[in-house]
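So this block is coords04.csv, CSV, C-alpha atoms:
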chain,number,residue,atom,x,y,z
N,1,MET,CA,4.5,102.7,124.5
N,2,LEU,CA,7.2,104.9,123.0
N,3,ASN,CA,6.5,106.5,119.7
N,4,LYS,CA,8.3,104.5,116.9
N,5,LYS,CA,9.4,107.7,115.3
N,6,ILE,CA,11.1,108.8,118.5
N,7,VAL,CA,12.9,105.4,118.8
N,8,TRP,CA,14.2,105.6,115.2
N,9,ILE,CA,15.4,109.1,115.8
N,10,ALA,CA,17.3,108.0,119.0
N,11,LEU,CA,18.9,105.0,117.2
N,12,GLY,CA,19.9,107.3,114.3
N,13,LEU,CA,21.6,109.8,116.7
N,14,PHE,CA,23.4,106.9,118.6
N,15,PHE,CA,24.8,105.2,115.5
N,16,GLY,CA,25.6,108.6,114.0
N,17,SER,CA,27.6,109.5,117.1
N,18,CYS,CA,29.5,106.2,116.9
N,19,ALA,CA,30.4,106.7,113.3
N,20,SER,CA,31.6,110.2,114.1
N,21,SER,CA,33.8,108.9,116.9
N,22,ASP,CA,35.4,106.2,114.7
N,23,MET,CA,36.1,108.8,112.1
N,24,LYS,CA,37.7,111.1,114.6
N,25,ILE,CA,39.8,108.3,116.0
N,26,SER,CA,40.9,107.3,112.5
N,27,THR,CA,41.6,110.9,111.6
N,28,LEU,CA,43.6,111.3,114.8
N,29,ALA,CA,45.7,108.2,114.2
N,30,GLU,CA,46.4,109.3,110.7
N,31,GLY,CA,47.4,112.7,111.9
N,32,LEU,CA,49.7,111.2,114.5
N,33,GLY,CA,51.3,108.9,111.9
N,34,LYS,CA,52.0,111.9,109.7
N,35,ALA,CA,53.4,113.8,112.6
N,36,ALA,CA,55.7,111.0,113.5
N,37,GLU,CA,56.9,110.9,109.9
N,38,LYS,CA,57.7,114.6,110.0
N,39,LEU,CA,59.7,114.3,113.2
N,40,PRO,CA,63.4,114.8,112.6
N,41,LYS,CA,65.4,111.6,113.1
N,42,PRO,CA,69.0,111.0,114.1
N,43,THR,CA,71.4,110.3,111.3
N,44,ALA,CA,74.6,108.3,111.1
N,45,THR,CA,77.5,108.4,108.7
N,46,ILE,CA,80.7,106.4,108.3
N,47,GLU,CA,83.4,109.1,108.5
N,48,LYS,CA,86.3,106.8,108.0
N,49,PHE,CA,87.0,103.2,107.2
N,50,ASP,CA,90.4,101.7,107.0
N,51,ILE,CA,92.7,98.8,107.9
N,52,LYS,CA,94.4,99.9,111.2
N,53,LYS,CA,97.0,97.2,111.5
N,54,ILE,CA,97.8,93.7,110.5
N,55,SER,CA,99.7,90.8,112.0
N,56,LEU,CA,100.6,87.4,110.6
N,57,ARG,CA,97.5,86.0,112.5
N,58,ASP,CA,94.8,88.7,112.3
N,59,ILE,CA,93.8,92.0,110.8
N,60,THR,CA,92.2,95.0,112.5
N,61,PHE,CA,89.7,97.3,110.8
N,62,THR,CA,88.9,100.7,112.2
N,63,PHE,CA,86.0,103.0,111.3
N,64,ASP,CA,84.6,106.3,112.6
N,65,ILE,CA,80.8,106.6,113.1
N,66,ALA,CA,79.3,110.1,113.4
N,67,ILE,CA,75.8,110.5,114.9
N,68,ASN,CA,73.8,113.7,114.5
N,69,ASN,CA,71.2,114.4,117.2
N,70,PRO,CA,68.3,116.7,116.1
N,71,TYR,CA,66.6,116.6,119.5
N,72,SER,CA,66.8,118.9,122.5
N,73,VAL,CA,67.7,116.0,124.7
N,74,ALA,CA,70.8,113.8,124.6
N,75,ILE,CA,70.8,110.4,123.0
N,76,ASN,CA,73.0,107.3,123.6
N,77,LEU,CA,74.4,104.9,121.1
N,78,ASP,CA,74.6,101.6,122.8
N,79,ALA,CA,76.2,99.4,120.2
N,80,VAL,CA,76.9,98.7,116.6
N,81,GLU,CA,76.0,95.4,115.0
N,82,LEU,CA,78.4,93.9,112.4
N,83,ASP,CA,78.3,91.0,110.0
N,84,PHE,CA,81.6,89.9,108.4
N,85,SER,CA,82.0,88.0,105.2
N,86,ALA,CA,85.0,86.9,103.2
N,87,GLU,CA,84.6,85.8,99.6
N,88,LYS,CA,80.8,85.7,100.2
N,89,ASN,CA,81.3,83.3,103.1
N,90,LYS,CA,79.7,84.6,106.3
N,91,LEU,CA,82.3,84.6,109.1
N,92,PHE,CA,80.5,85.9,112.1
N,93,HIS,CA,78.0,88.4,113.6
N,94,THR,CA,79.1,90.6,116.5
N,95,ALA,CA,78.0,93.7,118.3
N,96,THR,CA,80.5,96.2,119.7
N,97,SER,CA,80.2,96.9,123.4
N,98,LYS,CA,81.4,100.4,123.0
N,99,GLY,CA,78.7,103.2,123.0
N,100,PHE,CA,78.8,106.9,123.3
N,101,LYS,CA,76.6,109.8,124.2
N,102,VAL,CA,75.5,112.6,121.8
N,103,ALA,CA,74.6,115.9,123.3
N,104,ALA,CA,71.3,117.7,122.5
N,105,LYS,CA,71.4,119.2,119.1
N,106,GLY,CA,74.9,117.9,118.7
N,107,LYS,CA,77.2,115.6,116.8
N,108,ALA,CA,79.6,113.0,118.1
N,109,VAL,CA,82.2,110.8,116.4
N,110,SER,CA,83.5,107.6,117.8
N,111,SER,CA,86.1,105.1,116.5
N,112,PHE,CA,85.5,101.4,116.5
N,113,ASP,CA,88.1,98.7,116.1
N,114,VAL,CA,87.2,95.1,115.1
N,115,THR,CA,89.8,92.3,114.7
N,116,LEU,CA,89.3,89.5,112.2
N,117,THR,CA,91.5,86.3,112.5
N,118,TYR,CA,92.9,84.7,109.4
N,119,GLU,CA,92.3,81.3,111.0
N,120,SER,CA,88.5,82.0,110.9
N,121,ILE,CA,88.8,82.8,107.2
N,122,ILE,CA,90.9,79.8,106.3
N,123,LYS,CA,88.3,77.5,107.9
N,124,LEU,CA,85.6,78.8,105.5
N,125,VAL,CA,87.3,79.7,102.3
N,126,GLN,CA,88.2,76.3,100.8
N,127,ASP,CA,90.6,77.5,98.1
N,128,TYR,CA,92.3,80.0,100.5
N,129,ASN,CA,95.8,79.1,99.5
N,130,SER,CA,95.1,80.0,95.8
N,131,HIS,CA,94.1,83.6,96.7
N,132,ASP,CA,96.4,86.6,96.8
N,133,TYR,CA,93.7,89.0,98.1
N,134,LEU,CA,90.3,88.3,99.6
N,135,ALA,CA,87.1,90.4,99.2
N,136,CYS,CA,85.9,91.2,102.8
N,137,ASP,CA,82.5,92.7,103.3
N,138,ILE,CA,81.1,94.2,106.5
N,139,ASP,CA,77.4,94.9,106.9
N,140,VAL,CA,77.0,97.6,109.6
N,141,MET,CA,73.8,98.3,111.5
N,142,VAL,CA,73.6,101.3,113.7
N,143,ILE,CA,70.7,101.2,116.2
N,144,ILE,CA,70.0,104.6,117.8
N,145,PRO,CA,67.5,104.4,120.7
N,146,ILE,CA,65.1,107.4,120.8
N,147,PRO,CA,64.5,109.0,124.2
N,148,LYS,CA,61.0,108.2,125.6
N,149,THR,CA,60.5,111.9,126.2
N,150,ILE,CA,60.2,112.5,122.4
N,151,SER,CA,56.5,112.2,121.6
N,152,ASN,CA,55.1,110.1,118.8
N,153,ALA,CA,58.7,108.9,117.9
N,154,PRO,CA,59.6,105.2,117.3
N,155,GLU,CA,61.6,103.4,119.9
N,156,SER,CA,64.8,103.4,117.8
N,157,VAL,CA,66.1,104.3,114.4
N,158,LYS,CA,68.1,101.6,112.4
N,159,LEU,CA,70.6,102.6,109.8
N,160,ASN,CA,72.5,100.2,107.5
N,161,PHE,CA,75.8,100.5,105.8
N,162,LYS,CA,77.9,98.1,103.6
N,163,LEU,CA,81.7,98.4,103.7
N,164,SER,CA,84.1,96.5,101.4
N,165,GLN,CA,87.8,96.1,101.5
N,166,LYS,CA,90.3,93.7,99.9
N,167,ILE,CA,92.7,92.1,102.4
N,168,PRO,CA,95.9,90.1,101.7
N,169,ALA,CA,95.7,86.3,102.0
N,170,ILE,CA,98.2,85.4,104.7
N,171,LYS,CA,99.2,81.9,105.9
N,172,PRO,CA,102.7,82.4,107.3
N,173,LYS,CA,105.5,80.0,108.0
N,174,ILE,CA,108.6,81.3,109.8
N,175,SER,CA,111.9,79.5,110.1
N,176,ILE,CA,115.5,80.2,111.2
N,177,ALA,CA,118.4,79.0,109.1
N,178,GLY,CA,122.2,79.4,109.1
N,179,PHE,CA,122.5,80.3,112.7
N,180,ASN,CA,126.2,81.1,113.3
N,181,VAL,CA,128.0,82.6,116.3
N,182,ILE,CA,131.6,83.9,116.4
N,183,PRO,CA,133.1,84.2,119.8
N,184,PRO,CA,135.3,87.2,120.9
N,185,SER,CA,139.0,87.0,120.1
N,186,GLN,CA,141.8,86.8,122.7
N,187,LYS,CA,142.5,90.5,122.1
N,188,ASP,CA,138.8,91.3,122.7
N,189,ILE,CA,139.0,89.5,126.0
N,190,GLU,CA,142.3,91.2,127.0
N,191,ASP,CA,140.7,94.6,126.3
N,192,ALA,CA,137.6,93.7,128.2
N,193,ILE,CA,139.7,92.6,131.2
N,194,LYS,CA,141.5,95.9,131.3
N,195,LYS,CA,138.2,97.8,131.4
N,196,SER,CA,136.5,95.4,133.8
N,197,VAL,CA,135.6,96.6,137.3
N,198,VAL,CA,135.0,93.0,138.4
N,199,SER,CA,137.8,91.8,140.6
N,200,ALA,CA,137.3,88.2,139.2
N,201,GLY,CA,138.2,89.5,135.7
N,202,LYS,CA,141.6,90.7,136.7
N,203,ASN,CA,143.0,87.2,137.1
N,204,VAL,CA,141.5,85.7,133.9
N,205,ASP,CA,143.8,84.0,131.4
N,206,PRO,CA,142.5,85.4,128.1
N,207,LEU,CA,143.5,82.3,126.1
N,208,LYS,CA,141.6,80.0,128.6
N,209,ALA,CA,138.6,82.4,128.4
N,210,VAL,CA,138.6,82.1,124.6
N,211,ASN,CA,138.6,78.4,124.8
N,212,MET,CA,135.8,78.5,127.4
N,213,PHE,CA,133.5,80.6,125.3
N,214,ARG,CA,134.2,78.5,122.2
N,215,SER,CA,133.3,75.4,124.2
N,216,LEU,CA,130.0,77.1,125.4
N,217,ILE,CA,128.8,78.0,121.9
N,218,GLN,CA,129.9,74.6,120.6
N,219,GLY,CA,127.8,72.9,123.3
N,220,LYS,CA,130.8,71.3,124.9
N,221,PRO,CA,131.0,70.8,128.7
N,222,VAL,CA,133.0,73.3,130.7
N,223,GLU,CA,134.3,71.7,133.8
N,224,LYS,CA,135.9,74.7,135.4
N,225,PRO,CA,134.7,78.0,134.0
N,226,GLU,CA,137.5,80.6,133.7
N,227,ILE,CA,135.0,83.4,134.4
N,228,LYS,CA,131.2,83.9,134.6
N,229,PRO,CA,129.9,85.1,131.2
N,230,GLU,CA,128.0,87.9,132.9
N,231,ASP,CA,131.2,89.3,134.6
N,232,LEU,CA,132.5,90.7,131.3
N,233,ASP,CA,130.7,92.6,128.5
N,234,LEU,CA,132.2,90.6,125.6
N,235,LYS,CA,130.7,90.9,122.2
N,236,PHE,CA,129.7,87.8,120.2
N,237,LYS,CA,129.0,88.2,116.5
N,238,VAL,CA,125.9,86.4,115.3
N,239,ASN,CA,124.3,86.0,111.9
N,240,PHE,CA,121.3,84.0,110.7
N,241,ASP,CA,118.4,84.1,108.2
N,242,ILE,CA,114.8,84.7,109.1
N,243,ILE,CA,112.8,83.0,106.4
N,244,LEU,CA,109.2,84.3,106.1
N,245,GLU,CA,107.1,82.2,103.7
N,246,ASN,CA,103.5,83.0,102.9
N,247,GLN,CA,101.8,79.7,102.1
N,248,ALA,CA,98.9,81.7,100.5
N,249,ARG,CA,99.6,83.9,97.5
N,250,ALA,CA,99.8,87.5,98.8
N,251,PRO,CA,103.2,89.0,98.4
N,252,LEU,CA,104.5,90.4,101.7
N,253,LYS,CA,106.5,93.4,100.6
N,254,PHE,CA,108.6,95.2,103.1
N,255,ASN,CA,112.1,96.7,103.1
N,256,SER,CA,113.2,96.6,106.7
N,257,LEU,CA,112.4,94.9,110.0
N,258,GLU,CA,112.7,95.8,113.6
N,259,PHE,CA,113.0,92.7,115.7
N,260,TYR,CA,113.6,91.0,119.0
N,261,PHE,CA,115.0,87.5,118.9
N,262,ILE,CA,114.4,85.3,122.0
N,263,VAL,CA,116.1,81.9,122.6
N,264,ASN,CA,114.6,79.5,125.2
N,265,SER,CA,112.5,82.5,126.6
N,266,ASP,CA,115.6,84.7,127.1
N,267,GLN,CA,116.3,87.6,124.8
N,268,LEU,CA,119.5,87.1,122.8
N,269,VAL,CA,119.6,89.9,120.2
N,270,ASN,CA,117.5,92.8,119.0
N,271,GLY,CA,117.9,95.3,116.3
N,272,ASN,CA,116.8,96.0,112.7
N,273,THR,CA,117.7,94.9,109.2
N,274,THR,CA,117.3,96.4,105.8
N,275,VAL,CA,118.7,93.4,104.0
N,276,VAL,CA,115.8,91.5,102.4
N,277,SER,CA,115.8,88.9,99.6
N,278,LYS,CA,112.5,88.2,97.9
N,279,ASN,CA,111.4,85.3,95.9
N,280,GLU,CA,107.7,85.4,95.0
N,281,THR,CA,105.9,84.8,98.3
N,282,THR,CA,109.1,84.2,100.4
N,283,SER,CA,111.2,86.8,102.1
N,284,ILE,CA,114.6,86.1,103.5
N,285,LEU,CA,116.0,88.5,106.1
N,286,HIS,CA,119.7,88.4,106.6
N,287,ILE,CA,120.5,89.2,110.2
N,288,VAL,CA,124.0,90.4,111.1
N,289,ASN,CA,124.2,91.4,114.7
N,290,GLU,CA,126.0,90.9,118.0
N,291,PHE,CA,125.1,90.1,121.6
N,292,SER,CA,126.9,90.5,124.9
N,293,SER,CA,128.3,87.7,127.0
N,294,LYS,CA,125.9,89.0,129.6
N,295,ASN,CA,123.1,87.5,127.5
N,296,LEU,CA,124.6,84.0,127.8
N,297,THR,CA,122.0,83.0,130.4
N,298,LYS,CA,121.6,79.4,131.6
N,299,ALA,CA,118.6,79.0,129.2
N,300,VAL,CA,120.7,80.2,126.2
N,301,ILE,CA,123.7,78.0,127.2
N,302,ASN,CA,121.4,75.0,127.3
N,303,ALA,CA,120.3,75.7,123.8
N,304,PHE,CA,123.9,75.6,122.6
N,305,LYS,CA,124.5,72.5,124.6
N,306,ASP,CA,121.5,70.7,123.0
N,307,GLY,CA,122.3,72.1,119.6
N,308,ARG,CA,118.7,73.3,119.2
N,309,GLY,CA,116.3,75.5,121.0
N,310,SER,CA,113.0,77.3,120.8
N,311,PHE,CA,112.7,80.8,119.5
N,312,THR,CA,110.3,83.7,119.6
N,313,LEU,CA,110.6,86.4,117.0
N,314,LYS,CA,108.8,89.7,117.8
N,315,GLY,CA,108.9,92.9,115.8
N,316,ASN,CA,107.2,95.1,113.4
N,317,THR,CA,107.6,96.5,109.9
N,318,SER,CA,105.7,98.5,107.3
N,319,LEU,CA,103.9,96.4,104.8
N,320,HIS,CA,103.2,97.8,101.4
N,321,LEU,CA,100.1,96.6,99.6
N,322,PRO,CA,99.3,97.5,96.0
N,323,PRO,CA,97.9,101.1,95.8
N,324,GLU,CA,94.6,99.8,94.4
N,325,ILE,CA,94.2,97.8,97.7
N,326,LEU,CA,95.6,100.4,100.1
N,327,LYS,CA,97.4,103.6,99.4
N,328,HIS,CA,99.3,104.0,102.7
N,329,PRO,CA,101.9,101.6,104.3
N,330,LEU,CA,100.4,99.3,106.9
N,331,LEU,CA,101.9,98.5,110.3
N,332,LEU,CA,102.7,94.8,110.5
N,333,ASP,CA,103.1,93.5,114.0
N,334,PHE,CA,104.2,89.9,114.6
N,335,LYS,CA,105.1,87.5,117.3
N,336,GLU,CA,106.0,84.0,116.1
N,337,ASP,CA,107.3,81.0,117.9
N,338,GLY,CA,109.2,78.0,116.6
N,339,ASN,CA,112.2,75.7,117.0
N,340,PHE,CA,115.6,75.9,115.3
N,341,ASN,CA,119.0,74.3,115.1
N,342,LEU,CA,122.1,76.0,116.4
N,343,ARG,CA,124.6,73.8,114.6
Would you write the structure of this file as structure tokens?
Amino acid sequence: MLNKKIVWIALGLFFGSCASSDMKISTLAEGLGKAAEKLPKPTATIEKFDIKKISLRDITFTFDIAINNPYSVAINLDAVELDFSAEKNKLFHTATSKGFKVAAKGKAVSSFDVTLTYESIIKLVQDYNSHDYLACDIDVMVIIPIPKTISNAPESVKLNFKLSQKIPAIKPKISIAGFNVIPPSQKDIEDAIKKSVVSAGKNVDPLKAVNMFRSLIQGKPVEKPEIKPEDLDLKFKVNFDIILENQARAPLKFNSLEFYFIVNSDQLVNGNTTVVSKNETTSILHIVNEFSSKNLTKAVINAFKDGRGSFTLKGNTSLHLPPEILKHPLLLDFKEDGNFNLR
């Protein structure tokens, strides 16, 4: 039989050994935790945040994110998560699909553009039409994966930013009014015939040609055309008003407009105007222009015949917001469709 004293000594050594191992493991874990805390971590900063451009339907934000990499190996930023809110109403959550690589011990900056539609805001903000400007908040989360080769480091580093920007409340309505076309005079036609290289133009009766063009723009039938409109480069004067009404309260202040005016899918006139009348949230642009008889396509002639047509108005201008909202002019792009009367 074993001596009891020997047994107690053995048990004491065993349990003492176990306690020592647990202490070592605990001490090691604590040391590793402190080591992980002392590891340098990637950092992110928002270098720029701005409104890039605006249309009558949406607004595009742009921001530059800079990533600093403290490691001796490259890291990759896969995506940026974004939460958008307007007037404290959450609009949507999204993650950009654009990532970029940051070299070892380096810094990289990348630009991100995110577009927000006014339609999505209107659905959530109940008193939208009573607003002139809306408070838009963007919560940004940058998730930076850490290379597995970095010992004792977490899988990723998450950094959060909050961006805020006021945006104009826009709910547009565009219409065309006072559309008027003045055909070329008999002298204009005589001069064009003299310059014409088209043989058909040499035998044109200028008076009959005037009556033909008048009939076309009045929508009257022309049984026997004196000449094809595209055979001569005759200038028609045209004037009309573009009425831009914002049904919300933001004032749309601009001084000029570059535009393309399309009738029944065919371009009729293009140009620019600096004549703008303003009345609170309504702007009236007075267009005085001209188009060539070569633009009298079948689609355009049908519009004159029907006395109405569809239009597409495309263009751009510089929109000026109050300096406390935005200090620089903002590019306003638009493409609006509608119907209008020609007489």
Need to verify the contact set: Leu134 of chain N, 12 Å, only C-alpha atoms, exclusion of same-chain residues closer than 4 positions in sequence. Can you return it as a compact mmCIF listing (two decimals) with C-alpha atoms, in the frame of the given file?
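Once everything was written out, this is part_33.txt:
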# COMPACT_ATOMS: atom_id res chain seq x y z
CA SER N 85 82.00 88.00 105.20
CA ALA N 86 85.00 86.90 103.20
CA GLU N 87 84.60 85.80 99.60
CA LYS N 88 80.80 85.70 100.20
CA ASN N 89 81.30 83.30 103.10
CA TYR N 118 92.90 84.70 109.40
CA ILE N 121 88.80 82.80 107.20
CA ILE N 122 90.90 79.80 106.30
CA VAL N 125 87.30 79.70 102.30
CA ASP N 127 90.60 77.50 98.10
CA TYR N 128 92.30 80.00 100.50
CA ASN N 129 95.80 79.10 99.50
CA SER N 130 95.10 80.00 95.80
CA SER N 164 84.10 96.50 101.40
CA GLN N 165 87.80 96.10 101.50
CA LYS N 166 90.30 93.70 99.90
CA ILE N 167 92.70 92.10 102.40
CA PRO N 168 95.90 90.10 101.70
CA ALA N 169 95.70 86.30 102.00
CA ILE N 170 98.20 85.40 104.70
CA ALA N 248 98.90 81.70 100.50
CA ARG N 249 99.60 83.90 97.50
CA ALA N 250 99.80 87.50 98.80
CA ILE N 325 94.20 97.80 97.70
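Residue nearest Ala74 of chain N within the list N:Leu330, N:Leu91, N:Val109, N:Ile146: N:Ile146 [criterion: smallest interatomic distance, all atoms listed in the file].
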From atom CA of Val114 of chain N to atom CA of Thr96 of chain N the spacing works out at 8.2 Å
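Closest approach to Pro322 of chain N among N:Glu245, N:Ala44, N:Leu252, N:Ala104: N:Leu252, based on all atoms listed in the file.
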Min atom-atom distance to Phe61 of chain N from the set N:Asp137, N:Asp78, N:Glu119, N:Asp306, counting only C-alpha atoms, belongs to N:Asp137
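Distance check against Ala177 of chain N using all atoms listed in the file: of N:Ile287, N:Thr45, N:Phe240, N:Arg343, the minimum falls on N:Phe240.
Nearest to Asn239 of chain N of all the residues N:Lys208, N:Asn289, N:Asn255, N:Ile227 is N:Asn289, counting only C-alpha atoms.
You will find atom CA of Arg308 of chain N at 23.0 Å from atom CA of Ser283 of chain N.
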Would you be able to write out as an mmCIF file with C-alpha atoms, in the frame of the given file which residues have an atom within 12 Å of (69.8, 103.1, 120.3) in the file's coordinates, counting only C-alpha atoms?
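The result, stored in point.cif:
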data_model
loop_
_atom_site.group_PDB
_atom_site.id
_atom_site.type_symbol
_atom_site.label_atom_id
_atom_site.label_comp_id
_atom_site.auth_asym_id
_atom_site.auth_seq_id
_atom_site.Cartn_x
_atom_site.Cartn_y
_atom_site.Cartn_z
ATOM 1 C CA LYS N 41 65.400 111.600 113.100
ATOM 2 C CA PRO N 42 69.000 111.000 114.100
ATOM 3 C CA THR N 43 71.400 110.300 111.300
ATOM 4 C CA ALA N 44 74.600 108.300 111.100
ATOM 5 C CA ILE N 67 75.800 110.500 114.900
ATOM 6 C CA ASN N 69 71.200 114.400 117.200
ATOM 7 C CA ALA N 74 70.800 113.800 124.600
ATOM 8 C CA ILE N 75 70.800 110.400 123.000
ATOM 9 C CA ASN N 76 73.000 107.300 123.600
ATOM 10 C CA LEU N 77 74.400 104.900 121.100
ATOM 11 C CA ASP N 78 74.600 101.600 122.800
ATOM 12 C CA ALA N 79 76.200 99.400 120.200
ATOM 13 C CA VAL N 80 76.900 98.700 116.600
ATOM 14 C CA GLU N 81 76.000 95.400 115.000
ATOM 15 C CA GLY N 99 78.700 103.200 123.000
ATOM 16 C CA PHE N 100 78.800 106.900 123.300
ATOM 17 C CA LYS N 101 76.600 109.800 124.200
ATOM 18 C CA VAL N 102 75.500 112.600 121.800
ATOM 19 C CA MET N 141 73.800 98.300 111.500
ATOM 20 C CA VAL N 142 73.600 101.300 113.700
ATOM 21 C CA ILE N 143 70.700 101.200 116.200
ATOM 22 C CA ILE N 144 70.000 104.600 117.800
ATOM 23 C CA PRO N 145 67.500 104.400 120.700
ATOM 24 C CA ILE N 146 65.100 107.400 120.800
ATOM 25 C CA PRO N 147 64.500 109.000 124.200
ATOM 26 C CA LYS N 148 61.000 108.200 125.600
ATOM 27 C CA PRO N 154 59.600 105.200 117.300
ATOM 28 C CA GLU N 155 61.600 103.400 119.900
ATOM 29 C CA SER N 156 64.800 103.400 117.800
ATOM 30 C CA VAL N 157 66.100 104.300 114.400
ATOM 31 C CA LYS N 158 68.100 101.600 112.400
ATOM 32 C CA LEU N 159 70.600 102.600 109.800
#
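In this comparison, which uses all atoms listed in the file, the residue of N:Ser265, N:Asp231, N:Thr94, N:Val238 approaching Ser293 of chain N most closely is N:Asp231.
Going from atom CA of Ser310 of chain N over to atom CA of Glu226 of chain N, you cover 27.9 Å.
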Inset, instruction - Tell me which protein, DNA and RNA residues are within 8 Å of Pro206 of chain N, counting only C-alpha atoms, leaving out same-chain ones fewer than 2 positions away, and put them as an NGL selection string. - result: :N and (186-187 or 189-190 or 204 or 208-210)
Residues within 12 Å of Lys294 of chain N, please, as a ChimeraX atom specification. Count only C-alpha atoms; anything in the same chain fewer than 6 positions from it doesn't count.
/N:227-236,266-269,300-301
Missing atoms in segment 71-77 of chain N need filling: write out all heavy atoms for it as a PDB file, keeping the file's coordinate frame.
ATOM      1  N   TYR N  71      67.509 116.337 118.399  1.00  0.00           N
ATOM      2  CA  TYR N  71      66.600 116.600 119.500  1.00  0.00           C
ATOM      3  C   TYR N  71      67.204 117.527 120.544  1.00  0.00           C
ATOM      4  O   TYR N  71      68.422 117.727 120.600  1.00  0.00           O
ATOM      5  CB  TYR N  71      66.218 115.257 120.192  1.00  0.00           C
ATOM      6  CG  TYR N  71      65.612 114.253 119.242  1.00  0.00           C
ATOM      7  CD1 TYR N  71      66.057 112.933 119.218  1.00  0.00           C
ATOM      8  CD2 TYR N  71      64.596 114.615 118.359  1.00  0.00           C
ATOM      9  CE1 TYR N  71      65.513 111.998 118.359  1.00  0.00           C
ATOM     10  CE2 TYR N  71      64.041 113.689 117.491  1.00  0.00           C
ATOM     11  CZ  TYR N  71      64.506 112.387 117.483  1.00  0.00           C
ATOM     12  OH  TYR N  71      63.963 111.468 116.626  1.00  0.00           O
ATOM     13  N   SER N  72      66.326 118.023 121.387  1.00  0.00           N
ATOM     14  CA  SER N  72      66.800 118.900 122.500  1.00  0.00           C
ATOM     15  C   SER N  72      67.154 118.175 123.720  1.00  0.00           C
ATOM     16  O   SER N  72      67.344 118.782 124.764  1.00  0.00           O
ATOM     17  CB  SER N  72      65.640 119.931 122.766  1.00  0.00           C
ATOM     18  OG  SER N  72      64.448 119.244 123.101  1.00  0.00           O
ATOM     19  N   VAL N  73      67.235 116.855 123.621  1.00  0.00           N
ATOM     20  CA  VAL N  73      67.700 116.000 124.700  1.00  0.00           C
ATOM     21  C   VAL N  73      68.829 115.118 124.179  1.00  0.00           C
ATOM     22  O   VAL N  73      68.875 114.829 122.975  1.00  0.00           O
ATOM     23  CB  VAL N  73      66.606 115.162 125.353  1.00  0.00           C
ATOM     24  CG1 VAL N  73      65.587 116.034 126.062  1.00  0.00           C
ATOM     25  CG2 VAL N  73      65.937 114.283 124.313  1.00  0.00           C
ATOM     26  N   ALA N  74      69.718 114.684 125.060  1.00  0.00           N
ATOM     27  CA  ALA N  74      70.800 113.800 124.600  1.00  0.00           C
ATOM     28  C   ALA N  74      70.322 112.432 124.265  1.00  0.00           C
ATOM     29  O   ALA N  74      69.299 111.970 124.769  1.00  0.00           O
ATOM     30  CB  ALA N  74      71.858 113.720 125.749  1.00  0.00           C
ATOM     31  N   ILE N  75      71.052 111.759 123.356  1.00  0.00           N
ATOM     32  CA  ILE N  75      70.800 110.400 123.000  1.00  0.00           C
ATOM     33  C   ILE N  75      72.016 109.550 123.205  1.00  0.00           C
ATOM     34  O   ILE N  75      73.130 110.076 123.223  1.00  0.00           O
ATOM     35  CB  ILE N  75      70.235 110.223 121.576  1.00  0.00           C
ATOM     36  CG1 ILE N  75      71.274 110.740 120.568  1.00  0.00           C
ATOM     37  CG2 ILE N  75      68.900 110.919 121.397  1.00  0.00           C
ATOM     38  CD1 ILE N  75      70.862 110.509 119.122  1.00  0.00           C
ATOM     39  N   ASN N  76      71.845 108.237 123.360  1.00  0.00           N
ATOM     40  CA  ASN N  76      73.000 107.300 123.600  1.00  0.00           C
ATOM     41  C   ASN N  76      73.001 106.269 122.502  1.00  0.00           C
ATOM     42  O   ASN N  76      71.961 105.690 122.175  1.00  0.00           O
ATOM     43  CB  ASN N  76      72.869 106.659 124.956  1.00  0.00           C
ATOM     44  CG  ASN N  76      73.027 107.646 126.089  1.00  0.00           C
ATOM     45  OD1 ASN N  76      74.123 108.104 126.366  1.00  0.00           O
ATOM     46  ND2 ASN N  76      71.923 107.987 126.735  1.00  0.00           N
ATOM     47  N   LEU N  77      74.172 106.041 121.968  1.00  0.00           N
ATOM     48  CA  LEU N  77      74.400 104.900 121.100  1.00  0.00           C
ATOM     49  C   LEU N  77      74.945 103.767 121.872  1.00  0.00           C
ATOM     50  O   LEU N  77      76.055 103.871 122.391  1.00  0.00           O
ATOM     51  CB  LEU N  77      75.307 105.292 119.918  1.00  0.00           C
ATOM     52  CG  LEU N  77      75.634 104.166 118.940  1.00  0.00           C
ATOM     53  CD1 LEU N  77      74.391 103.744 118.174  1.00  0.00           C
ATOM     54  CD2 LEU N  77      76.708 104.587 117.954  1.00  0.00           C
TER      55      LEU N  77
END
